[in-house]
$ cat protein_6.cif   # mmCIF, C-alpha atoms
data_protein
#
loop_
_atom_site.label_atom_id
_atom_site.label_comp_id
_atom_site.auth_asym_id
_atom_site.auth_seq_id
_atom_site.Cartn_x
_atom_site.Cartn_y
_atom_site.Cartn_z
CA MET S 959 -19.26 -5.99 -2.71
CA GLY S 960 -17.65 -5.49 -6.09
CA GLN S 961 -21.16 -4.49 -6.90
CA ARG S 962 -20.99 -2.15 -3.95
CA TRP S 963 -17.84 -0.51 -5.24
CA ARG S 964 -19.44 -0.18 -8.66
CA ALA S 965 -22.45 1.43 -7.09
CA ARG S 966 -20.13 4.02 -5.64
CA GLU S 967 -19.06 4.89 -9.20
CA VAL S 968 -15.44 4.97 -8.25
CA ASP S 969 -13.43 5.57 -11.38
CA LEU S 970 -10.34 7.65 -10.87
CA GLY S 971 -8.99 7.09 -14.36
CA ARG S 972 -11.84 8.71 -16.19
CA GLY S 973 -12.73 11.11 -13.43
CA GLY S 974 -16.10 9.46 -13.06
CA PHE S 975 -15.97 9.54 -9.28
CA ARG S 976 -19.05 11.52 -8.35
CA LEU S 977 -18.01 13.88 -5.60
CA ALA S 978 -19.74 16.90 -4.22
CA THR S 979 -16.96 19.20 -5.36
CA GLY S 980 -13.91 18.90 -7.55
CA SER S 981 -12.31 15.96 -9.28
CA PRO S 982 -10.82 12.94 -7.50
CA ARG S 983 -7.38 14.34 -8.21
CA SER S 984 -8.03 17.22 -5.84
CA TYR S 985 -8.52 14.85 -2.88
CA GLN S 986 -5.78 13.31 -0.78
CA ALA S 987 -7.72 10.48 0.86
CA PHE S 988 -10.93 8.53 0.30
CA PHE S 989 -13.03 6.99 3.06
CA PHE S 990 -15.38 4.06 2.28
CA PRO S 991 -17.36 3.22 5.42
CA ASP S 992 -20.09 0.60 5.21
CA ASP S 993 -23.60 1.92 5.73
CA ASP S 994 -23.78 0.39 9.22
CA VAL S 995 -20.66 2.08 10.57
CA ASP S 996 -21.32 4.88 13.07
CA ILE S 997 -18.79 7.68 13.13
CA SER S 998 -19.35 11.38 13.67
CA LEU S 999 -18.37 14.03 11.14
CA ARG S 1000 -16.06 15.55 13.74
CA ASP S 1001 -14.26 12.23 14.13
CA ILE S 1002 -14.01 11.83 10.36
CA ASP S 1003 -12.36 15.27 10.17
CA ARG S 1004 -9.96 14.32 12.96
CA PHE S 1005 -9.26 11.02 11.25
CA PHE S 1006 -8.41 12.70 7.96
CA ARG S 1007 -6.11 15.14 9.76
CA ILE S 1008 -4.22 12.24 11.32
CA VAL S 1009 -3.89 10.17 8.15
CA THR S 1010 -2.75 13.07 6.00
CA ALA S 1011 -0.28 14.30 8.64
CA ARG S 1012 1.27 10.85 8.86
CA ALA S 1013 1.09 10.21 5.10
CA LEU S 1014 -0.68 6.89 5.57
CA ALA S 1015 -1.60 4.91 2.46
CA LEU S 1016 -4.25 2.59 3.90
CA GLU S 1017 -5.89 2.88 7.29
CA GLN S 1018 -9.11 2.57 9.25
CA PRO S 1019 -10.54 3.95 12.48
CA ALA S 1020 -10.48 1.44 15.33
CA LEU S 1021 -13.80 -0.06 16.45
CA ASP S 1022 -15.07 0.85 19.91
CA SER S 1023 -15.85 -1.69 22.62
CA HIS S 1024 -19.59 -1.77 21.78
CA SER S 1025 -18.95 -2.90 18.22
CA PHE S 1026 -19.47 -6.27 16.62
CA VAL S 1027 -16.01 -7.27 15.52
CA SER S 1028 -14.78 -9.74 12.91
CA HIS S 1029 -11.04 -9.16 13.40
CA PRO S 1030 -9.79 -8.48 16.95
CA ILE S 1031 -6.94 -6.36 15.61
CA THR S 1032 -9.47 -3.65 14.70
CA VAL S 1033 -10.67 -3.15 18.29
CA ARG S 1034 -9.56 0.14 19.82
CA LYS S 1035 -6.69 -0.20 22.27
CA PRO S 1036 -6.15 2.34 25.04
CA PHE S 1037 -3.14 4.66 25.16
CA ARG S 1038 -2.37 4.17 21.48
CA ALA S 1039 -2.49 6.77 18.73
CA LEU S 1040 -2.33 4.08 16.07
CA ARG S 1041 -0.94 0.66 15.32
CA HIS S 1042 0.92 -0.12 12.12
CA THR S 1043 -0.50 -3.39 10.84
CA ASN S 1044 -0.55 -5.53 7.73
CA PHE S 1045 -4.35 -5.50 7.59
CA VAL S 1046 -7.19 -2.98 7.30
CA GLU S 1047 -10.73 -4.31 7.28
CA ILE S 1048 -12.98 -3.71 4.31
CA MET S 1049 -15.65 -2.25 6.61
CA ALA S 1050 -14.18 1.26 6.76
CA PRO S 1051 -10.95 1.67 4.81
CA VAL S 1052 -9.31 4.94 3.84
CA PHE S 1053 -7.02 5.00 0.82
CA ASP S 1054 -4.71 7.69 -0.35
CA ARG S 1055 -5.11 8.62 -4.02
CA GLU S 1056 -2.35 6.39 -5.37
CA GLY S 1057 -3.46 3.46 -3.24
CA LEU S 1058 -7.03 3.72 -4.43
CA ALA S 1059 -5.95 3.86 -8.06
CA ARG S 1060 -3.92 0.69 -7.56
CA CYS S 1061 -6.60 -1.29 -5.72
CA LEU S 1062 -9.62 -0.12 -7.67
CA PRO S 1063 -9.45 -2.65 -10.53
CA PHE S 1064 -9.53 -5.48 -8.01
CA MET S 1065 -12.47 -3.94 -6.16
CA SER S 1066 -14.45 -3.60 -9.35
CA ALA S 1067 -13.65 -7.14 -10.47
CA ALA S 1068 -14.61 -8.84 -7.21
CA ILE S 1069 -18.22 -9.74 -6.53
CA SER S 1070 -18.39 -10.82 -2.92
CA CYS S 1071 -15.23 -8.90 -1.97
CA TRP S 1072 -14.35 -11.44 0.70
CA GLY S 1073 -10.59 -11.39 1.09
CA LEU S 1074 -10.00 -8.08 -0.68
CA ASP S 1075 -8.82 -6.53 2.55
CA HIS S 1076 -6.14 -9.20 2.82
CA ILE S 1077 -4.67 -8.40 -0.58
CA TRP S 1078 -4.76 -4.57 -0.38
CA PRO S 1079 -1.55 -4.29 1.65
CA ARG S 1080 0.09 -6.69 -0.80
CA LEU S 1081 -1.11 -4.68 -3.80
CA LEU S 1082 0.08 -1.44 -2.26
CA ASN S 1083 3.44 -2.92 -1.37
CA ALA S 1084 3.64 -0.05 1.08
CA ARG S 1085 6.14 0.39 3.86
CA ALA S 1086 4.94 -1.03 7.17
CA ASP S 1087 4.50 2.45 8.60
CA ARG S 1088 1.98 3.47 5.94
CA ILE S 1089 -0.77 1.00 6.90
CA ALA S 1090 -2.52 1.44 10.23
CA VAL S 1091 -5.48 0.98 12.51
CA VAL S 1092 -5.99 4.42 14.06
CA ASP S 1093 -6.89 4.12 17.74
CA ALA S 1094 -7.11 7.88 18.24
CA VAL S 1095 -10.44 7.79 16.38
CA ALA S 1096 -13.10 5.17 17.01
CA ALA S 1097 -16.09 4.08 14.96
CA ARG S 1098 -18.90 1.78 16.02
CA HIS S 1099 -20.17 -1.25 14.15
CA PRO S 1100 -23.48 -1.82 15.91
CA ARG S 1101 -24.75 -4.86 14.00
CA PRO S 1102 -23.33 -8.34 13.62
CA VAL S 1103 -22.43 -9.57 10.15
CA ASP S 1104 -25.44 -11.63 9.08
CA THR S 1105 -24.23 -14.00 6.40
CA ARG S 1106 -27.55 -15.90 6.40
CA GLY S 1107 -30.31 -13.31 6.43
CA GLY S 1108 -28.52 -10.06 5.62
CA PRO S 1109 -29.69 -8.40 2.39
CA TRP S 1110 -26.18 -8.23 0.98
CA TYR S 1111 -25.62 -11.97 1.43
CA GLN S 1112 -29.08 -12.78 0.08
CA PHE S 1113 -28.18 -10.72 -2.97
CA LEU S 1114 -24.92 -12.66 -3.37
CA ARG S 1115 -26.74 -15.99 -3.13
CA ARG S 1116 -29.08 -14.86 -5.88
CA LEU S 1117 -25.97 -14.24 -7.99
CA GLY S 1118 -24.76 -17.72 -7.14
CA VAL S 1119 -21.86 -16.45 -5.04
CA ASP S 1120 -21.04 -18.30 -1.86
CA ALA S 1121 -19.51 -15.72 0.45
CA GLU S 1122 -19.24 -17.87 3.56
CA PRO S 1123 -15.73 -17.64 4.97
CA ARG S 1124 -13.87 -20.94 5.05
CA MET Q 1381 -10.40 -18.64 -0.30
CA ASN Q 1382 -7.14 -19.28 1.54
CA GLU Q 1383 -5.68 -20.82 -1.62
CA LEU Q 1384 -6.74 -17.74 -3.57
CA LEU Q 1385 -5.04 -15.48 -1.04
CA ARG Q 1386 -1.86 -17.52 -1.30
CA ARG Q 1387 -1.92 -17.01 -5.05
CA PHE Q 1388 -1.91 -13.29 -4.38
CA GLY Q 1389 1.14 -13.76 -2.18
CA VAL Q 1390 -0.74 -13.31 1.09
CA THR Q 1391 1.06 -15.73 3.37
CA SER Q 1392 1.49 -13.99 6.70
CA ALA Q 1393 -1.03 -13.75 9.49
CA ILE Q 1394 -2.58 -10.46 10.52
CA ARG Q 1395 -0.19 -8.69 12.87
CA VAL Q 1396 0.77 -5.39 14.46
CA ASP Q 1397 4.22 -4.25 13.35
CA ARG Q 1398 4.61 -1.16 15.51
CA THR Q 1399 2.56 0.84 17.98
CA VAL Q 1400 2.50 4.61 18.24
CA TRP Q 1401 1.67 5.32 21.88
CA ASN Q 1402 -0.40 8.20 23.07
CA TRP Q 1403 -0.22 8.76 26.80
CA PRO Q 1404 -2.88 11.02 28.34
CA VAL Q 1405 -0.37 12.78 30.57
CA HIS Q 1406 0.76 15.70 28.49
CA GLU Q 1407 2.05 17.72 31.43
CA PHE Q 1408 4.85 15.18 31.78
CA GLY Q 1409 6.34 16.14 28.46
CA ALA Q 1410 6.07 14.84 24.94
CA PHE Q 1411 4.73 11.33 25.30
CA ALA Q 1412 3.48 10.51 21.86
CA SER Q 1413 5.20 7.47 20.38
CA GLU Q 1414 7.12 6.61 23.55
CA THR Q 1415 7.13 3.01 24.67
CA PRO Q 1416 5.44 2.03 27.96
CA ARG Q 1417 8.83 1.55 29.62
CA VAL Q 1418 10.03 5.06 28.76
CA ALA Q 1419 6.67 6.54 29.71
CA LEU Q 1420 6.70 4.78 33.08
CA ARG Q 1421 10.24 6.00 33.80
CA ARG Q 1422 9.20 9.53 32.98
CA LEU Q 1423 6.10 9.19 35.14
CA ARG Q 1424 8.15 7.96 38.13
CA ARG Q 1425 10.58 10.87 37.75
CA PHE Q 1426 7.69 13.31 37.53
CA VAL Q 1427 6.02 11.96 40.68
CA ALA Q 1428 9.28 11.96 42.62
CA THR Q 1429 9.99 15.57 41.63
CA ARG Q 1430 6.47 16.62 42.53
CA LEU Q 1431 6.64 14.90 45.93
CA ARG Q 1432 9.94 16.61 46.76
CA ARG Q 1433 8.56 19.96 45.71
CA ASP Q 1434 5.35 19.56 47.72
CA GLN Q 1435 7.09 18.60 50.97
CA PRO Q 1436 6.93 21.30 53.66
CA ALA Q 1437 10.23 23.04 54.28
#
$ encode --input "protein_6.cif" --output "structure tokens"
Amino acid sequence: MGQRWRAREVDLGRGGFRLATGSPRSYQAFFFPDDDVDISLRDIDRFFRIVTARALALEQPALDSHSFVSHPITVRKPFRALRHTNFVEIMAPVFDREGLARCLPFMSAAISCWGLDHIWPRLLNARADRIAVVDAVAARHPRPVDTRGGPWYQFLRRLGVDAEPR
Amino acid sequence: MNELLRRFGVTSAIRVDRTVWNWPVHEFGAFASETPRVALRRLRRFVATRLRRDQPA
């Protein structure tokens, strides 16, 4: 997925981040959903309103009950606005500007990107109340992670990268 | 990979540190971020008040 991050041309330092309007410095938060994450534009707007109002550094929308889930902590819980955690999954993270600048070199350097989501909170060294899974907004992950036949994992194998979790 | 994570100082398991609650009962007052115990107490008080009010004179 380092390749994935590269494909997104994320480069805050040189302003190479290709956005529809403005430079990266004019944005407060950056959302990187995988291509198989379903979330409506309305929910994305609501999500951004929540994360900017609460000044979160790293967060993700919770996954609804129809989703394929890798980490149970990301499943939406009822009657919660959000849960402050020490983990945000790589599937759909949102970074604030400073957080992205700090984590970006590691994203670009990694190839498979397995484990990146575990080190982000450590890299950010953020207060516990700045990292969260936001239950007020839900996304859906409708496909299971296919580490055998999925195109991303086939691509990694061609590069000689073993991305199987151990 | 676990060894690699340890080298980055990742030693603790995934956990929830704090929950911000959001009760769907706004007419009871400001519920956001209240704990279940406080919310339940408020709910009981609300129901009791409502029952007293709705009793015929």
$ atom_distance --input "protein_6.cif" --atom1 "atom CA of S:Ser1066" --atom2 "atom CA of S:Asp1054"
17.4 Å
$ resolve_selection --input "protein_6.cif" --expression "the PyMOL selection byres ((chain S and resi 1010-1025) around 7)" --output "list in words"
Phe1006, Arg1007, Ile1008, Val1009, Phe1026, Val1027, Thr1032, Val1033, Arg1034, Val1046, Ala1050, Pro1051, Val1052, Phe1053, Asp1054, Gly1057, Arg1088, Ile1089, Ala1090, Val1091, Val1092, Asp1093, Val1095, Ala1096, Ala1097, Arg1098, His1099 and Pro1100 of chain S
$ closest_atom_pairs --input "protein_6.cif" --of "chain Q" --to "chain S" --cutoff "7 Å" --atoms "only C-alpha atoms" --output "Markdown table"
| residue | atom | partner | partner_atom | distance |
| --- | --- | --- | --- | --- |
| Q:Met1381 | CA | S:Arg1124 | CA | 6.8 |
| Q:Phe1388 | CA | S:Ile1077 | CA | 6.8 |
| Q:Val1390 | CA | S:Ile1077 | CA | 6.5 |
| Q:Ile1394 | CA | S:Asn1044 | CA | 6.0 |
| Q:Arg1395 | CA | S:Thr1043 | CA | 5.7 |
| Q:Val1396 | CA | S:Thr1043 | CA | 4.3 |
| Q:Asp1397 | CA | S:Thr1043 | CA | 5.4 |
| Q:Arg1398 | CA | S:His1042 | CA | 5.1 |
| Q:Thr1399 | CA | S:Arg1041 | CA | 4.4 |
| Q:Val1400 | CA | S:Leu1040 | CA | 5.3 |
| Q:Trp1401 | CA | S:Arg1038 | CA | 4.2 |
| Q:Asn1402 | CA | S:Arg1038 | CA | 4.8 |
| Q:Trp1403 | CA | S:Phe1037 | CA | 5.3 |
$ atom_distance --input "protein_6.cif" --atom1 "atom CA of Q:Thr1391" --atom2 "atom CA of S:Ala1059"
23.7 Å
$ atom_distance --input "protein_6.cif" --atom1 "atom CA of S:Asp1120" --atom2 "atom CA of S:Leu1082"
27.0 Å
$ residues_around --input "protein_6.cif" --residues "S:Arg1116" --least-positions-apart "6" --cutoff "12 Å" --atoms "all atoms listed in the file" --output "PyMOL selection string"
chain S and resi 1070+1109-1110
$ build_atoms --input "protein_6.cif" --residues "stretch 1384-1398 of chain Q" --atoms "N, CA and C atoms" --output "mmCIF file, keeping the file's coordinate frame"
data_model
loop_
_atom_site.group_PDB
_atom_site.id
_atom_site.type_symbol
_atom_site.label_atom_id
_atom_site.label_comp_id
_atom_site.auth_asym_id
_atom_site.auth_seq_id
_atom_site.Cartn_x
_atom_site.Cartn_y
_atom_site.Cartn_z
ATOM 1 N N LEU Q 1384 -6.708 -18.930 -2.725
ATOM 2 C CA LEU Q 1384 -6.740 -17.740 -3.570
ATOM 3 C C LEU Q 1384 -5.823 -16.650 -2.993
ATOM 4 N N LEU Q 1385 -5.897 -16.490 -1.680
ATOM 5 C CA LEU Q 1385 -5.040 -15.480 -1.040
ATOM 6 C C LEU Q 1385 -3.569 -15.822 -1.217
ATOM 7 N N ARG Q 1386 -3.261 -17.111 -1.120
ATOM 8 C CA ARG Q 1386 -1.860 -17.520 -1.300
ATOM 9 C C ARG Q 1386 -1.391 -17.184 -2.712
ATOM 10 N N ARG Q 1387 -2.302 -17.328 -3.679
ATOM 11 C CA ARG Q 1387 -1.920 -17.010 -5.050
ATOM 12 C C ARG Q 1387 -1.612 -15.524 -5.219
ATOM 13 N N PHE Q 1388 -2.217 -14.715 -4.353
ATOM 14 C CA PHE Q 1388 -1.910 -13.290 -4.380
ATOM 15 C C PHE Q 1388 -0.686 -12.963 -3.535
ATOM 16 N N GLY Q 1389 -0.065 -13.985 -2.983
ATOM 17 C CA GLY Q 1389 1.140 -13.760 -2.180
ATOM 18 C C GLY Q 1389 0.855 -13.413 -0.738
ATOM 19 N N VAL Q 1390 -0.404 -13.601 -0.304
ATOM 20 C CA VAL Q 1390 -0.740 -13.310 1.090
ATOM 21 C C VAL Q 1390 -0.441 -14.555 1.910
ATOM 22 N N THR Q 1391 0.653 -14.534 2.634
ATOM 23 C CA THR Q 1391 1.060 -15.730 3.370
ATOM 24 C C THR Q 1391 1.153 -15.494 4.867
ATOM 25 N N SER Q 1392 1.279 -14.239 5.267
ATOM 26 C CA SER Q 1392 1.490 -13.990 6.700
ATOM 27 C C SER Q 1392 0.178 -13.692 7.396
ATOM 28 N N ALA Q 1393 0.166 -14.009 8.685
ATOM 29 C CA ALA Q 1393 -1.030 -13.750 9.490
ATOM 30 C C ALA Q 1393 -1.149 -12.250 9.763
ATOM 31 N N ILE Q 1394 -2.352 -11.857 10.164
ATOM 32 C CA ILE Q 1394 -2.580 -10.460 10.520
ATOM 33 C C ILE Q 1394 -1.759 -10.135 11.771
ATOM 34 N N ARG Q 1395 -1.050 -9.009 11.727
ATOM 35 C CA ARG Q 1395 -0.190 -8.690 12.870
ATOM 36 C C ARG Q 1395 -0.040 -7.176 13.028
ATOM 37 N N VAL Q 1396 0.406 -6.785 14.204
ATOM 38 C CA VAL Q 1396 0.770 -5.390 14.460
ATOM 39 C C VAL Q 1396 2.286 -5.297 14.365
ATOM 40 N N ASP Q 1397 2.769 -4.399 13.507
ATOM 41 C CA ASP Q 1397 4.220 -4.250 13.350
ATOM 42 C C ASP Q 1397 4.804 -3.267 14.355
ATOM 43 N N ARG Q 1398 4.082 -2.183 14.598
ATOM 44 C CA ARG Q 1398 4.610 -1.160 15.510
ATOM 45 C C ARG Q 1398 3.441 -0.374 16.093
#
